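Scroll down for the structure; my scribbles are underneath it.
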Amino acid sequence: MRRINLPGITVHKLDIGCGKKELWCPDALGVDIEDFGQEIVWDLRQGIPLPDNCVEAFHSSHSLEHFTDDEVGELFKEIYRVAKDGAVLEAIMPYAGIPEAYYVGHKSQWHETRLKGIVDSFNEIRSNHPQERFVIEKVEKLDNRVGYPELHFILRIKK
């Protein structure tokens, strides 16, 4: 996998799929496949173009649903790779089962059980040596924030 060298840029927070909206916090580094003026224009299906163990916090607002199941798996592997121990991933997306979750371009649907399954698979719950890599700190269905239900979660990354 090709990595981009970003000299002089310190990454503490990464806004995944930042789009043209304002970054979730002023000191975050934005990454998106389209150029909206953010620091990194990159297709995250090709990995995260950052070195290992460099990100303390990740944020994703209405972007994870644009990845297929396999792509989500690869993206979570990359998030784990670039995350520092104790890093946090916070995400929000349309809640599965509502029309907005099935809009054109949405390739995966999200709810509490799906999130638990993803986390369990990364933690290798069924292996002889389970390892807690992602810990669900919060998962909730939000109503009326944007006019339709959303899934909001916070994961802690352990190395």
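Order determines the names: the first chain of the structure tokens is A, the second B, and so forth; residues in each chain are numbered 1 upward, and ligands are numbered 1 upward as they are shown.
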Enumerate, in order of chain and increasing residue number, the residues of stretch 88-136 of chain A with an atom no farther than 12 Å from stretch 12-28 of chain A, each with its shortest atom pair and distance in Å to one decimal, counting only C-alpha atoms, as CSV.
```
residue,atom,partner,partner_atom,distance
A:Val88,CA,A:Lys13,CA,9.4
A:Leu89,CA,A:Leu14,CA,9.4
A:Glu90,CA,A:Asp15,CA,9.7
A:Ala91,CA,A:Ile16,CA,9.2
A:Ile92,CA,A:Ile16,CA,11.3
A:Met93,CA,A:Gly17,CA,11.8
```
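Rounded to one decimal, atom CA of A:Lys84 and atom CA of A:Pro51 lie 10.6 Å from each other.
With distances restricted to only C-alpha atoms, A:Leu151 is the closest residue to A:Gln109 from A:Ile33, A:Leu151, A:Ala87, A:Leu75.
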Between A:Val119, A:Val82, A:Leu64, A:Val11, smallest distance to A:Ala101 by only C-alpha atoms belongs to A:Leu64
Straight-line distance linking atom CA of A:Gly97 with atom CA of A:Gly73, stated in Å to one decimal:
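So the answer is 21.3 Å.
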According to DSSP computed on the backbone, where in stretch 43-149 of chain A is there helix (DSSP H, G or I)? Give the residues as number ranges by chain.
A: 44-46, 64-66, 69-82, 99-102, 112-122
Can I get the selected residues back with N, CA, C and O atoms, as a compact mmCIF listing (two decimals), in the first residue's frame?
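Once written, selection-v9.txt looks like this:
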```txt
# COMPACT_ATOMS: atom_id res chain seq x y z
N LEU A 44 -9.78 6.50 1.08
CA LEU A 44 -9.49 5.69 2.27
C LEU A 44 -9.61 4.19 2.02
O LEU A 44 -9.16 3.40 2.84
N ARG A 45 -10.16 3.80 0.87
CA ARG A 45 -10.17 2.38 0.51
C ARG A 45 -8.75 1.92 0.17
O ARG A 45 -8.50 0.73 0.08
N GLN A 46 -7.84 2.87 0.03
CA GLN A 46 -6.43 2.55 -0.23
C GLN A 46 -5.61 2.60 1.06
O GLN A 46 -4.38 2.62 1.02
N LEU A 64 -19.02 6.60 7.15
CA LEU A 64 -18.80 5.15 7.20
C LEU A 64 -19.83 4.37 6.40
O LEU A 64 -19.54 3.29 5.88
N GLU A 65 -21.02 4.91 6.27
CA GLU A 65 -22.07 4.20 5.52
C GLU A 65 -21.78 4.18 4.01
O GLU A 65 -22.44 3.49 3.25
N HIS A 66 -20.77 4.92 3.57
CA HIS A 66 -20.39 4.94 2.16
C HIS A 66 -19.37 3.84 1.81
O HIS A 66 -18.90 3.77 0.68
N ASP A 69 -19.14 -3.59 3.36
CA ASP A 69 -18.74 -4.35 4.54
C ASP A 69 -17.24 -4.64 4.52
O ASP A 69 -16.55 -4.46 5.51
N ASP A 70 -16.73 -5.12 3.38
CA ASP A 70 -15.30 -5.43 3.28
C ASP A 70 -14.45 -4.17 3.46
O ASP A 70 -13.41 -4.20 4.11
N GLU A 71 -14.89 -3.07 2.88
CA GLU A 71 -14.14 -1.81 3.01
C GLU A 71 -14.14 -1.31 4.44
O GLU A 71 -13.14 -0.78 4.92
N VAL A 72 -15.26 -1.49 5.15
CA VAL A 72 -15.32 -1.11 6.57
C VAL A 72 -14.30 -1.92 7.35
O VAL A 72 -13.56 -1.38 8.19
N GLY A 73 -14.21 -3.22 7.06
CA GLY A 73 -13.23 -4.06 7.74
C GLY A 73 -11.81 -3.58 7.51
O GLY A 73 -11.02 -3.47 8.46
N GLU A 74 -11.47 -3.25 6.29
CA GLU A 74 -10.12 -2.76 5.98
C GLU A 74 -9.88 -1.39 6.62
O GLU A 74 -8.78 -1.11 7.12
N LEU A 75 -10.90 -0.53 6.61
CA LEU A 75 -10.75 0.79 7.22
C LEU A 75 -10.51 0.68 8.73
O LEU A 75 -9.66 1.36 9.29
N PHE A 76 -11.24 -0.23 9.39
CA PHE A 76 -11.03 -0.41 10.83
C PHE A 76 -9.62 -0.94 11.11
O PHE A 76 -9.00 -0.58 12.10
N LYS A 77 -9.09 -1.80 10.25
CA LYS A 77 -7.71 -2.27 10.41
C LYS A 77 -6.74 -1.09 10.32
O LYS A 77 -5.79 -0.99 11.09
N GLU A 78 -7.00 -0.19 9.38
CA GLU A 78 -6.14 0.99 9.21
C GLU A 78 -6.29 1.96 10.39
O GLU A 78 -5.30 2.53 10.85
N ILE A 79 -7.50 2.14 10.86
CA ILE A 79 -7.71 2.99 12.03
C ILE A 79 -6.91 2.43 13.20
O ILE A 79 -6.22 3.17 13.91
N TYR A 80 -6.98 1.12 13.38
CA TYR A 80 -6.22 0.49 14.48
C TYR A 80 -4.72 0.72 14.29
O TYR A 80 -4.00 1.03 15.23
N ARG A 81 -4.23 0.59 13.08
CA ARG A 81 -2.81 0.75 12.80
C ARG A 81 -2.31 2.15 13.12
O ARG A 81 -1.29 2.32 13.77
N VAL A 82 -3.06 3.18 12.70
CA VAL A 82 -2.57 4.55 12.89
C VAL A 82 -2.93 5.12 14.26
O VAL A 82 -2.42 6.16 14.66
N PRO A 99 -35.33 5.21 5.52
CA PRO A 99 -35.02 5.48 4.11
C PRO A 99 -33.64 6.13 3.89
O PRO A 99 -32.94 5.78 2.95
N GLU A 100 -33.24 7.02 4.76
CA GLU A 100 -31.95 7.71 4.60
C GLU A 100 -30.77 6.75 4.63
O GLU A 100 -29.73 7.00 4.03
N ALA A 101 -30.91 5.64 5.34
CA ALA A 101 -29.83 4.65 5.42
C ALA A 101 -29.61 3.95 4.08
O ALA A 101 -28.55 3.37 3.85
N TYR A 102 -30.59 4.02 3.19
CA TYR A 102 -30.52 3.32 1.91
C TYR A 102 -30.37 4.27 0.72
O TYR A 102 -30.57 3.86 -0.42
N GLU A 112 -26.92 -0.99 16.44
CA GLU A 112 -26.13 -1.46 17.59
C GLU A 112 -25.56 -2.87 17.39
O GLU A 112 -24.40 -3.13 17.73
N THR A 113 -26.37 -3.77 16.84
CA THR A 113 -25.93 -5.16 16.67
C THR A 113 -24.80 -5.25 15.64
O THR A 113 -23.84 -5.99 15.83
N ARG A 114 -24.90 -4.48 14.57
CA ARG A 114 -23.83 -4.46 13.56
C ARG A 114 -22.53 -3.97 14.18
O ARG A 114 -21.47 -4.56 13.97
N LEU A 115 -22.61 -2.90 14.95
CA LEU A 115 -21.41 -2.37 15.58
C LEU A 115 -20.78 -3.42 16.50
O LEU A 115 -19.58 -3.64 16.48
N LYS A 116 -21.61 -4.09 17.31
CA LYS A 116 -21.09 -5.12 18.21
C LYS A 116 -20.42 -6.24 17.42
O LYS A 116 -19.35 -6.74 17.80
N GLY A 117 -21.00 -6.63 16.30
CA GLY A 117 -20.41 -7.67 15.47
C GLY A 117 -19.06 -7.26 14.90
O GLY A 117 -18.11 -8.05 14.89
N ILE A 118 -18.94 -6.02 14.46
CA ILE A 118 -17.67 -5.51 13.94
C ILE A 118 -16.62 -5.53 15.04
O ILE A 118 -15.50 -6.01 14.86
N VAL A 119 -16.99 -5.01 16.19
CA VAL A 119 -16.05 -4.96 17.32
C VAL A 119 -15.65 -6.37 17.74
O VAL A 119 -14.45 -6.65 17.93
N ASP A 120 -16.61 -7.28 17.86
CA ASP A 120 -16.29 -8.65 18.25
C ASP A 120 -15.35 -9.32 17.24
O ASP A 120 -14.44 -10.05 17.63
N SER A 121 -15.56 -9.05 15.95
CA SER A 121 -14.69 -9.68 14.96
C SER A 121 -13.26 -9.16 15.07
O SER A 121 -12.31 -9.92 14.93
N PHE A 122 -13.09 -7.89 15.36
CA PHE A 122 -11.74 -7.35 15.53
C PHE A 122 -11.10 -7.80 16.84
O PHE A 122 -9.89 -7.92 16.94
```
